[in-house]
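> Got a structure for you, questions after.
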Amino acid sequence: MNWSSFTKGYFLNREALVAVLLLIDASVLPQKIDLDCANWLGRNNIPMTFVFTKCDKMKGGKGIRPDENIRNFQELIRQNYQQHPAWIMTSIVIGLGRDELLLHMSQLRNYWDQ
């Protein structure tokens with residue numbers, strides 16, 4: 001509870017905040033904690049980027065592919081965003097998204113430096 005209050009206060013009151021990078025495990029079905037966080041950020045107009053991790057894996061025996069989990073997640077949070085946040089698919093195992101994530105972070109830093 002204290003952690004939640006701290007982070008919410010930080011996100012709401014941090015004037016220099018350019019964006020939040022929300023890491024989401026794409027190898028599993030959308031999780032309530034991720035949906036709650038994404039929806040709260042959206043309702044409060046806090047800029048963010050979804051970083052979907054483990055995009056090379058499937059868990060849970062249901063055979064649902066990471067791209068399907070990502071689509072499901074995006075559909076579930078769509079109502080809380082005027083414009084859908086940027087998103088990047090990543091995998092440490094195969095190196096997917098590494099360069100894209102680094103470029104995105106660099107662009108955010110350039111925005112902050114202005």
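A note on labels: chains of the structure tokens are A, B, ... as shown, every chain counts residues from 1, and ligands are counted from 1 in their shown order.
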Considering only C-alpha atoms, return as a list in words whatever protein or nucleic-acid residues lie within 8 Å of Ile46 of chain A, sequence-local ones (same chain, fewer than 6 positions apart) excluded.

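Listing them by chain and then by number gives Phe11, Leu12, Ala19 and Val20 of chain A.
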
> I'd like the contact shell of Arg78 of chain A - 10 Å cut-off, only C-alpha atoms, skipping same-chain residues fewer than 5 positions apart - returned as a list of chain:residue names.

A:Ala38, A:Asn39, A:Gly42, A:Phe73, A:Gln83, A:His84, A:Pro85

> Mind dumping the selected residues with C-alpha atoms as a PDB file, in the first residue's frame?


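This went into part.pdb:
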ATOM      1  CA  ALA A  38      -1.788   0.767 -17.437  1.00  0.00           C
ATOM      2  CA  ASN A  39      -5.387   1.873 -16.904  1.00  0.00           C
ATOM      3  CA  GLY A  42      -4.050   6.252 -18.913  1.00  0.00           C
ATOM      4  CA  PHE A  73      -3.788  -6.474 -23.512  1.00  0.00           C
ATOM      5  CA  GLN A  83      -4.161   7.906 -28.336  1.00  0.00           C
ATOM      6  CA  HIS A  84      -2.767   4.421 -27.906  1.00  0.00           C
ATOM      7  CA  PRO A  85       0.669   4.433 -26.237  1.00  0.00           C
TER       8      PRO A  85
END

> Excluding Lys54 of chain A and any residue of its chain fewer than 3 positions from it, enumerate the residues within 7 Å of it, using only C-alpha atoms, and give them as a list of chain:residue names.

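That gives A:Asp25, A:Ala26, A:Ser27, A:Lys57, A:Thr90, A:Ser91.
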
> For a quick check of understanding, using only C-alpha atoms, which of A:Met105, A:Ile24, A:Ile33, A:Val18 has the smallest distance to Asn69 of chain A?

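Of all the options, A:Ile24 lies closest to Asn69 of chain A.
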
> May I have the residues within 8 Å of Trp87 of chain A as a ChimeraX atom specification, using only C-alpha atoms and disregarding those fewer than 6 positions away in the same chain?

/A:49-52

> Those same residues - C-alpha atoms - I'd like them written as a PDB file, in the first residue's frame.


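Result file is part-v5.pdb:
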ATOM      1  CA  THR A  49       5.414   3.113 -23.485  1.00  0.00           C
ATOM      2  CA  PHE A  50       4.520  -0.549 -23.178  1.00  0.00           C
ATOM      3  CA  VAL A  51       7.616  -2.762 -23.279  1.00  0.00           C
ATOM      4  CA  PHE A  52       6.417  -6.303 -23.896  1.00  0.00           C
TER       5      PHE A  52
END

> Report as an NGL selection string: the residues of segment 32-69 of chain A with a DSSP assignment of helix (DSSP H, G or I), based on the backbone of this structure.

:A and (32-43 or 66-69)
